[in-house]
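A.B. asks: Got a structure for you, model11.txt, holding compact mmCIF, C-alpha atoms and all ligand atoms.
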```
# COMPACT_ATOMS: atom_id res chain seq x y z
CA MET A 22 18.60 241.19 134.48
CA GLY A 23 20.58 244.41 133.81
CA GLU A 24 19.35 247.75 132.48
CA GLU A 25 18.46 247.76 128.79
CA ASN A 26 19.53 250.76 126.78
CA LEU A 27 17.40 251.47 123.72
CA GLU A 28 18.55 253.87 121.03
CA ILE A 29 15.98 254.71 118.36
CA LEU A 30 17.48 254.11 114.91
CA ILE A 31 14.37 254.40 112.72
CA ASP A 32 11.25 256.16 113.97
CA ALA A 33 7.64 255.24 113.19
CA ALA A 34 7.13 258.00 110.60
CA LYS A 35 10.21 256.92 108.66
CA ILE A 36 9.09 253.28 108.70
CA LYS A 37 5.65 254.30 107.43
CA ARG A 38 7.07 256.32 104.54
CA ARG A 39 9.42 253.52 103.47
CA VAL A 40 6.69 250.85 103.70
CA SER A 41 4.47 252.96 101.38
CA GLU A 42 7.33 253.29 98.89
CA LEU A 43 8.00 249.53 98.97
CA GLY A 44 4.28 248.85 98.51
CA ARG A 45 4.18 251.04 95.41
CA GLU A 46 7.31 249.43 93.95
CA ILE A 47 6.01 245.89 94.58
CA SER A 48 2.56 246.75 93.16
CA LYS A 49 4.20 248.05 89.99
CA ASP A 50 6.43 244.98 89.59
CA TYR A 51 3.58 242.51 90.17
CA ALA A 52 0.94 244.40 88.15
CA GLY A 53 -1.50 241.94 86.56
CA ARG A 54 -0.32 239.05 88.75
CA PHE A 55 -1.62 237.40 91.88
CA LEU A 56 0.88 237.57 94.72
CA THR A 57 1.41 235.14 97.58
CA ALA A 58 2.84 237.12 100.50
CA LEU A 59 4.77 234.72 102.71
CA VAL A 60 5.29 236.23 106.14
CA VAL A 61 8.19 234.90 108.17
CA LEU A 62 7.02 234.67 111.78
CA LYS A 63 7.30 236.01 114.26
CA GLY A 64 9.53 238.99 113.48
CA GLY A 65 8.01 239.85 110.09
CA ILE A 66 4.45 240.18 111.32
CA MET A 67 4.23 243.98 111.88
CA PHE A 68 6.11 244.80 108.71
CA ALA A 69 4.03 242.38 106.64
CA SER A 70 0.72 243.60 107.98
CA ASP A 71 1.58 247.19 107.02
CA LEU A 72 3.23 246.22 103.73
CA VAL A 73 0.39 244.09 102.32
CA ARG A 74 -2.00 246.99 102.93
CA ALA A 75 0.30 249.19 100.82
CA ILE A 76 0.16 246.71 97.92
CA ASP A 77 -2.69 247.08 95.44
CA VAL A 78 -2.45 243.83 93.44
CA PRO A 79 -4.45 240.83 94.72
CA VAL A 80 -2.58 239.18 97.61
CA SER A 81 -3.00 235.92 99.45
CA LEU A 82 -1.33 235.57 102.83
CA GLU A 83 0.76 232.62 103.91
CA MET A 84 2.90 232.25 107.01
CA ILE A 85 5.92 230.24 107.96
CA GLY A 86 7.49 230.13 111.38
CA LEU A 87 11.28 229.94 111.53
CA ARG A 88 13.57 230.02 114.49
CA SER A 89 17.26 230.55 114.09
CA TYR A 90 18.40 232.19 117.29
CA GLY A 91 16.60 230.66 120.25
CA LYS A 92 17.40 232.86 123.21
CA SER A 93 20.78 233.99 122.05
CA THR A 94 21.63 237.08 119.99
CA ALA A 95 24.33 235.25 118.01
CA SER A 96 23.39 233.37 114.85
CA SER A 97 23.56 229.61 115.29
CA GLY A 98 23.02 228.83 111.61
CA VAL A 99 20.59 226.14 112.74
CA VAL A 100 17.12 226.82 111.40
CA GLU A 101 13.98 225.16 112.64
CA ILE A 102 10.51 225.34 111.03
CA THR A 103 8.14 226.05 113.92
CA LEU A 104 5.04 226.46 111.71
CA ASP A 105 4.71 225.31 108.11
CA LEU A 106 2.66 226.75 105.24
CA SER A 107 -1.04 225.94 105.33
CA SER A 108 -1.29 225.28 101.57
CA PRO A 109 0.92 224.45 98.57
CA ILE A 110 2.68 227.30 96.72
CA GLU A 111 3.29 225.40 93.49
CA GLY A 112 2.96 227.73 90.48
CA GLN A 113 2.54 230.83 92.65
CA HIS A 114 4.44 234.11 92.69
CA VAL A 115 5.81 234.19 96.22
CA LEU A 116 7.11 237.26 98.02
CA VAL A 117 8.94 236.35 101.23
CA ILE A 118 8.49 239.08 103.84
CA GLU A 119 11.24 239.06 106.48
CA ASP A 120 12.09 241.37 109.34
CA ILE A 121 15.87 241.35 108.98
CA VAL A 122 18.56 239.65 106.95
CA ASP A 123 21.63 239.35 109.13
CA THR A 124 24.01 236.51 108.22
CA GLY A 125 21.57 235.38 105.50
CA LEU A 126 21.63 231.80 106.79
CA THR A 127 17.92 231.72 107.66
CA LEU A 128 16.87 233.13 104.31
CA ASN A 129 19.21 230.82 102.45
CA TYR A 130 17.65 227.84 104.21
CA LEU A 131 14.13 229.13 103.54
CA LEU A 132 14.75 229.78 99.84
CA ASP A 133 16.20 226.27 99.35
CA ASN A 134 13.18 224.83 101.12
CA LEU A 135 10.70 226.90 99.06
CA ARG A 136 12.31 225.92 95.74
CA THR A 137 11.46 222.27 96.42
CA ARG A 138 7.78 223.32 96.46
CA ARG A 139 7.99 224.57 92.84
CA PRO A 140 6.65 228.14 93.02
CA ALA A 141 6.48 230.14 89.74
CA SER A 142 8.80 232.76 91.27
CA VAL A 143 10.26 233.77 94.61
CA ARG A 144 11.41 237.24 95.63
CA VAL A 145 12.46 238.59 98.99
CA CYS A 146 11.39 241.74 100.78
CA ALA A 147 13.29 242.46 104.01
CA LEU A 148 12.68 245.49 106.19
CA LEU A 149 16.29 245.54 107.38
CA HIS A 150 19.60 244.32 106.04
CA LYS A 151 22.92 244.06 107.90
CA PRO A 152 25.32 243.64 104.98
CA GLU A 153 28.42 243.58 107.21
CA ARG A 154 27.36 240.24 108.65
CA ALA A 155 26.65 238.31 105.43
CA LYS A 156 27.71 234.65 105.56
CA ALA A 157 25.42 233.23 102.88
CA PRO A 158 24.85 234.80 99.46
CA VAL A 159 21.23 235.94 99.37
CA LYS A 160 19.56 238.44 97.09
CA VAL A 161 17.21 240.85 98.80
CA ASP A 162 14.94 242.17 96.02
CA TYR A 163 13.18 244.80 98.13
CA LYS A 164 14.98 246.32 101.09
CA GLY A 165 13.60 248.78 103.64
CA PHE A 166 16.76 250.01 105.33
CA THR A 167 20.39 249.05 105.73
CA VAL A 168 21.42 248.97 109.41
CA PRO A 169 24.79 248.73 111.13
CA ASP A 170 25.93 245.59 112.92
CA ARG A 171 23.96 246.15 116.14
CA PHE A 172 21.18 244.08 117.66
CA VAL A 173 17.84 245.74 116.93
CA VAL A 174 14.37 245.38 118.42
CA GLY A 175 10.88 246.78 117.81
CA TYR A 176 8.31 246.74 115.01
CA GLY A 177 8.03 242.96 115.35
CA MET A 178 11.60 242.20 116.36
CA ASP A 179 12.39 240.92 119.84
CA LEU A 180 15.01 240.19 122.41
CA ASP A 181 13.82 237.12 124.32
CA GLU A 182 10.23 237.86 123.16
CA LYS A 183 10.31 241.45 124.44
CA HIS A 184 9.99 244.74 122.52
CA ARG A 185 8.07 243.39 119.49
CA ASN A 186 5.33 245.96 120.12
CA LEU A 187 7.54 249.05 119.89
CA PRO A 188 6.36 251.22 116.96
CA TYR A 189 9.97 252.14 116.10
CA ILE A 190 13.23 250.25 115.52
CA ALA A 191 15.87 250.61 118.20
CA ALA A 192 19.34 249.26 118.86
CA ILE A 193 19.66 247.54 122.21
CA ASP A 194 22.79 247.15 124.33
P1 LIG B 201 20.24 235.39 109.82
O1 LIG B 201 20.00 233.94 109.62
O2 LIG B 201 20.15 236.22 108.57
O3 LIG B 201 21.52 235.64 110.57
O4 LIG B 201 19.16 235.90 110.82
C1 LIG B 201 17.87 236.08 110.46
C2 LIG B 201 16.94 236.11 111.65
O5 LIG B 201 17.61 236.33 112.89
C3 LIG B 201 15.99 237.26 111.50
O6 LIG B 201 14.85 236.88 110.75
C4 LIG B 201 15.69 237.62 112.94
O7 LIG B 201 14.65 236.80 113.40
C5 LIG B 201 16.96 237.29 113.67
N1 LIG B 201 17.83 238.47 113.80
C6 LIG B 201 18.96 238.75 113.14
N2 LIG B 201 19.46 239.94 113.53
C7 LIG B 201 18.60 240.41 114.47
C8 LIG B 201 18.57 241.62 115.25
O8 LIG B 201 19.40 242.54 115.17
N3 LIG B 201 17.50 241.74 116.08
C9 LIG B 201 16.53 240.80 116.21
N4 LIG B 201 15.56 241.03 117.07
N5 LIG B 201 16.54 239.65 115.49
C10 LIG B 201 17.57 239.47 114.63
```
Rewrite the structure from the file as structure tokens, please.
Ligand code: 5GP

C.D. replies:
Amino acid sequence: MGEENLEILIDAAKIKRRVSELGREISKDYAGRFLTALVVLKGGIMFASDLVRAIDVPVSLEMIGLRSYGKSTASSGVVEITLDLSSPIEGQHVLVIEDIVDTGLTLNYLLDNLRTRRPASVRVCALLHKPERAKAPVKVDYKGFTVPDRFVVGYGMDLDEKHRNLPYIAAID
């Protein structure tokens, strides 16, 4: 395996500030409602754990495991559910918490799948968005940062299961 070059794009302090802002915005929008936070595993786990603690309306936590890339860094468009929800979401206000929206294919698949389960509403919160790569039309309601078309790791995101534990977000060559 060759040398990996990491370039920090978003440091830990900047992530923390943005997560607090998103938490405040989400709390305001969902005031008086009960929110189901649906974490997309594995990449969304760090972001979601910080974000739900910045939200001050009642929250229940659900998880769904999706795999779209396997070991490659190029989107296959093929999405696999590796872990399904543990309970029904019918009638609930669902906030999908994702690490990154790249082509949008994964999110598009997930939103279609969730709609069949008849939630009261579904919104999307993604830490990162790569708008240059969009292939499927998806609406990201709450967005942390827009990033350029580079492969990123850290703060939950991996390359072949490595680098998820980095406290910052870095581009990797
Ligand atoms: P999409 O289907 O939008 O192309 O890809 C969504 C999923 O692919 C993300 O949830 C994430 O798991 C993975 N992904 C897309 N871009 C990146 C990236 O730059 N870095 C990492 N680590 N994963 C990515």

A.B. asks: Give the residues close to ligand LIG 201 (chain B), within 9 Å, counting all atoms listed in the file; write them as a compact mmCIF listing (two decimals) with C-alpha atoms, in the frame of the given file.

C.D. replies:
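Ended up saving to part-v8.txt:
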```txt
# COMPACT_ATOMS: atom_id res chain seq x y z
CA VAL A 61 8.19 234.90 108.17
CA LEU A 62 7.02 234.67 111.78
CA LYS A 63 7.30 236.01 114.26
CA GLY A 64 9.53 238.99 113.48
CA GLY A 65 8.01 239.85 110.09
CA LEU A 87 11.28 229.94 111.53
CA ARG A 88 13.57 230.02 114.49
CA SER A 89 17.26 230.55 114.09
CA TYR A 90 18.40 232.19 117.29
CA THR A 94 21.63 237.08 119.99
CA ALA A 95 24.33 235.25 118.01
CA SER A 96 23.39 233.37 114.85
CA SER A 97 23.56 229.61 115.29
CA GLY A 98 23.02 228.83 111.61
CA VAL A 99 20.59 226.14 112.74
CA VAL A 100 17.12 226.82 111.40
CA GLU A 119 11.24 239.06 106.48
CA ASP A 120 12.09 241.37 109.34
CA ILE A 121 15.87 241.35 108.98
CA VAL A 122 18.56 239.65 106.95
CA ASP A 123 21.63 239.35 109.13
CA THR A 124 24.01 236.51 108.22
CA GLY A 125 21.57 235.38 105.50
CA LEU A 126 21.63 231.80 106.79
CA THR A 127 17.92 231.72 107.66
CA LEU A 128 16.87 233.13 104.31
CA ASN A 129 19.21 230.82 102.45
CA TYR A 130 17.65 227.84 104.21
CA ALA A 147 13.29 242.46 104.01
CA LEU A 149 16.29 245.54 107.38
CA HIS A 150 19.60 244.32 106.04
CA LYS A 151 22.92 244.06 107.90
CA ARG A 154 27.36 240.24 108.65
CA ALA A 155 26.65 238.31 105.43
CA LYS A 156 27.71 234.65 105.56
CA ALA A 157 25.42 233.23 102.88
CA VAL A 168 21.42 248.97 109.41
CA ASP A 170 25.93 245.59 112.92
CA ARG A 171 23.96 246.15 116.14
CA PHE A 172 21.18 244.08 117.66
CA VAL A 173 17.84 245.74 116.93
CA VAL A 174 14.37 245.38 118.42
CA GLY A 175 10.88 246.78 117.81
CA GLY A 177 8.03 242.96 115.35
CA MET A 178 11.60 242.20 116.36
CA ASP A 179 12.39 240.92 119.84
CA LEU A 180 15.01 240.19 122.41
CA ASP A 181 13.82 237.12 124.32
CA GLU A 182 10.23 237.86 123.16
CA HIS A 184 9.99 244.74 122.52
CA ARG A 185 8.07 243.39 119.49
CA ALA A 192 19.34 249.26 118.86
CA ILE A 193 19.66 247.54 122.21
```

A.B. asks: Quick check, in Å to one decimal: how far apart do CA of Ala33 (chain A) and CA of Asp194 (chain A) lie?

C.D. replies: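 It comes out at 20.5 Å.
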
A.B. asks: Which residues, protein or nucleic acid, reach to within 7 Å of (6.8, 237.4, 92.1) in the file's coordinates when using all atoms listed in the file, and can you give that as a PyMOL selection string?

C.D. replies: chain A and resi 51+56+114-116+142-144

A.B. asks: Using C-alpha atoms, can you write the selected residues to a file as a PDB file, in the coordinates of the input?

C.D. replies:
```pdb
ATOM      1  CA  TYR A  51       3.580 242.510  90.170  1.00  0.00           C
ATOM      2  CA  LEU A  56       0.880 237.570  94.720  1.00  0.00           C
ATOM      3  CA  HIS A 114       4.440 234.110  92.690  1.00  0.00           C
ATOM      4  CA  VAL A 115       5.810 234.190  96.220  1.00  0.00           C
ATOM      5  CA  LEU A 116       7.110 237.260  98.020  1.00  0.00           C
ATOM      6  CA  SER A 142       8.800 232.760  91.270  1.00  0.00           C
ATOM      7  CA  VAL A 143      10.260 233.770  94.610  1.00  0.00           C
ATOM      8  CA  ARG A 144      11.410 237.240  95.630  1.00  0.00           C
TER       9      ARG A 144
END
```

A.B. asks: List every protein, DNA or RNA residue that has an atom no more than 10 Å from (11.6, 252.2, 114.7) in the file's coordinate frame, counting only C-alpha atoms, and report them as a PyMOL selection string.

C.D. replies: chain A and resi 28-37+173-177+187-192

A.B. asks: Find the distance between CA of Arg38 (chain A) and CA of Thr57 (chain A) and write it in Å to one decimal.

C.D. replies: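 Between these atoms lies a distance of 23.0 Å.
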
A.B. asks: Please determine, counting all atoms listed in the file, which residue among A:Val60, A:Val145, A:Arg139, A:Gly44 has the shortest atom-to-atom distance to Asp162 (chain A).

C.D. replies: A:Val145

A.B. asks: Rounded to one decimal, what separation in Å do you get between CA of Tyr163 (chain A) and CA of Thr103 (chain A)?

C.D. replies: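 Separation between CA of Tyr163 (chain A) and CA of Thr103 (chain A): 25.0 Å.
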